[in-house]
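Let me begin by presenting the structure, written as structure tokens, before commenting on it.
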Amino acid sequence: MAKIIFGNHSAVRVSPNDRESIRTFYCDVLGCKIMREFNGKDDIRIGDDFYISFLYSAGDGRGADKGVNYAAQGALSEDEFLKAIFLELKTDNVEEMRQKIIAFGVKVLDVPDNHLYFQAPGGQVFRLVGINEDLSKYEKSI
């Protein structure tokens with residue numbers, strides 16, 4: 001059987017109104033870096049080798065993105081974002097990062113788990129975990 005893994009590139013359609021708070025949160029709070037920016041798109045590097053594109057408006061498909069049709073017009077409503085996807089964010093200092101994230105003013109979600117679940121600017125939901133944390137309990141069959 002063929003195997004699959006998650007790649008190191010992702011994209012999300014977001015409201016153009018969220019651009020500044022997205023940049024502030026990902027760059028200033030989480031320490032990420034904007035690698036490329038266009039009128040309707042920011043490509044941000046998270047860690048050493050993960051890239052997420054924030055698509056704010058219709059793009060022109062230039063360069064490496066030739067042929068890509070992205071548009072914020074298709075973005076989910078604010079309530080729908082909570083149902084879209086949960087991502088895991090790993091850190092080497094959970095408490096310090098928890099404090100920085102909450103101080104920024106994200107929406108904290110009430111999830112019956114001891115981890116911080118929050119909605120970042122742009123609508124992405126993250127679970128904050130430790131880099132060396134044993135998360136095998138999430139991988140076992142019930």
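By order of appearance in the structure tokens: chains A, B, ..., then residues from 1 within every chain, and ligands from 1 in the order shown.
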Residues near stretch 92-98 of chain A, cut-off 7 Å, only C-alpha atoms, skip fewer than 4 positions along chain, as a list in words |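 Using only C-alpha atoms, the neighbours found are Ile102, Val129, Gly130 and Ile131 of chain A.
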File of the preceding selection, C-alpha atoms, as a PDB file, in the first residue's frame:
```pdb
ATOM      1  CA  ILE A 102      -2.993  34.654  25.195  1.00  0.00           C
ATOM      2  CA  VAL A 129       2.127  21.209  22.635  1.00  0.00           C
ATOM      3  CA  GLY A 130       5.693  20.672  23.780  1.00  0.00           C
ATOM      4  CA  ILE A 131       8.337  19.648  21.244  1.00  0.00           C
TER       5      ILE A 131
END
```
Which neighbours of stretch 42-51 of chain A fall inside 9 Å, counting only C-alpha atoms, when residues of the same chain fewer than 4 positions from it are skipped, and could you give them as a list in words?
->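 Using only C-alpha atoms, the neighbours found are Gly7, Asn8, His9, Ser10, Ala11, Arg19, Arg23, Tyr26, Cys27, Leu30, Gly31, Cys32, Lys33, Ile34, Met35, Arg36, Glu37, Phe38, Leu55 and Tyr56 of chain A.
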Taking N, CA and C atoms for each residue, export the selection above as an mmCIF file, in the first residue's frame.
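Result written to out-v4.cif:
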```
data_model
loop_
_atom_site.group_PDB
_atom_site.id
_atom_site.type_symbol
_atom_site.label_atom_id
_atom_site.label_comp_id
_atom_site.auth_asym_id
_atom_site.auth_seq_id
_atom_site.Cartn_x
_atom_site.Cartn_y
_atom_site.Cartn_z
ATOM 1 N N GLY A 7 2.920 17.321 3.637
ATOM 2 C CA GLY A 7 3.991 18.117 3.053
ATOM 3 C C GLY A 7 4.286 19.325 3.920
ATOM 4 N N ASN A 8 5.246 20.118 3.497
ATOM 5 C CA ASN A 8 5.656 21.274 4.298
ATOM 6 C C ASN A 8 5.113 22.591 3.745
ATOM 7 N N HIS A 9 4.063 22.516 2.930
ATOM 8 C CA HIS A 9 3.427 23.727 2.395
ATOM 9 C C HIS A 9 1.928 23.660 2.646
ATOM 10 N N SER A 10 1.354 24.768 3.022
ATOM 11 C CA SER A 10 -0.075 24.838 3.269
ATOM 12 C C SER A 10 -0.562 26.217 2.853
ATOM 13 N N ALA A 11 -1.855 26.329 2.628
ATOM 14 C CA ALA A 11 -2.433 27.622 2.263
ATOM 15 C C ALA A 11 -3.815 27.727 2.876
ATOM 16 N N ARG A 19 -5.121 40.899 7.591
ATOM 17 C CA ARG A 19 -3.717 40.832 7.177
ATOM 18 C C ARG A 19 -2.746 41.345 8.251
ATOM 19 N N ARG A 23 -0.022 39.001 10.270
ATOM 20 C CA ARG A 23 1.419 39.277 10.233
ATOM 21 C C ARG A 23 1.985 39.486 11.637
ATOM 22 N N TYR A 26 1.866 35.929 13.641
ATOM 23 C CA TYR A 26 2.819 34.914 13.171
ATOM 24 C C TYR A 26 4.262 35.394 13.255
ATOM 25 N N CYS A 27 4.529 36.650 12.968
ATOM 26 C CA CYS A 27 5.913 37.137 12.977
ATOM 27 C C CYS A 27 6.361 37.616 14.351
ATOM 28 N N LEU A 30 4.889 34.576 17.299
ATOM 29 C CA LEU A 30 5.440 33.233 17.113
ATOM 30 C C LEU A 30 6.856 33.216 16.548
ATOM 31 N N GLY A 31 7.357 34.344 16.071
ATOM 32 C CA GLY A 31 8.728 34.413 15.570
ATOM 33 C C GLY A 31 8.920 33.854 14.172
ATOM 34 N N CYS A 32 7.855 33.800 13.389
ATOM 35 C CA CYS A 32 7.940 33.316 12.001
ATOM 36 C C CYS A 32 8.449 34.436 11.099
ATOM 37 N N LYS A 33 8.669 34.114 9.820
ATOM 38 C CA LYS A 33 9.231 35.090 8.894
ATOM 39 C C LYS A 33 8.430 35.124 7.596
ATOM 40 N N ILE A 34 8.111 36.332 7.129
ATOM 41 C CA ILE A 34 7.474 36.475 5.824
ATOM 42 C C ILE A 34 8.551 36.263 4.768
ATOM 43 N N MET A 35 8.328 35.262 3.916
ATOM 44 C CA MET A 35 9.303 34.926 2.884
ATOM 45 C C MET A 35 8.997 35.628 1.565
ATOM 46 N N ARG A 36 7.697 35.744 1.239
ATOM 47 C CA ARG A 36 7.261 36.436 0.034
ATOM 48 C C ARG A 36 5.952 37.131 0.356
ATOM 49 N N GLU A 37 5.769 38.297 -0.243
ATOM 50 C CA GLU A 37 4.499 38.999 -0.079
ATOM 51 C C GLU A 37 4.087 39.623 -1.398
ATOM 52 N N PHE A 38 2.809 39.481 -1.685
ATOM 53 C CA PHE A 38 2.207 40.048 -2.887
ATOM 54 C C PHE A 38 0.998 40.864 -2.448
ATOM 55 N N LEU A 55 -3.936 33.715 1.819
ATOM 56 C CA LEU A 55 -4.485 34.208 0.566
ATOM 57 C C LEU A 55 -5.593 35.201 0.880
ATOM 58 N N TYR A 56 -5.324 36.479 0.628
ATOM 59 C CA TYR A 56 -6.236 37.557 1.003
ATOM 60 C C TYR A 56 -7.171 37.970 -0.122
#
```
Of the listed residues A:Asn114, A:Ile5, A:Gly122, A:Leu128, that which approaches A:Ser53 most closely, counting only C-alpha atoms = A:Gly122
One-decimal distance in Å that lies between atom CA of A:Lys41 and atom CA of A:Leu109 =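 Atom-to-atom, atom CA of A:Leu109 to atom CA of A:Lys41, that is 27.2 Å.
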Could you check which of A:Ile101, A:Val125, A:Val108, A:Leu135 is closest to A:Glu80, using only C-alpha atoms?
->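 Under the stated criterion, the closest residue is A:Val125.
Going from atom CA of A:Arg127 over to atom CA of A:Arg13, you cover 20.0 Å.
Across the structure, atom CA of A:Phe86 and atom CA of A:Ser57 are spaced 23.1 Å apart.
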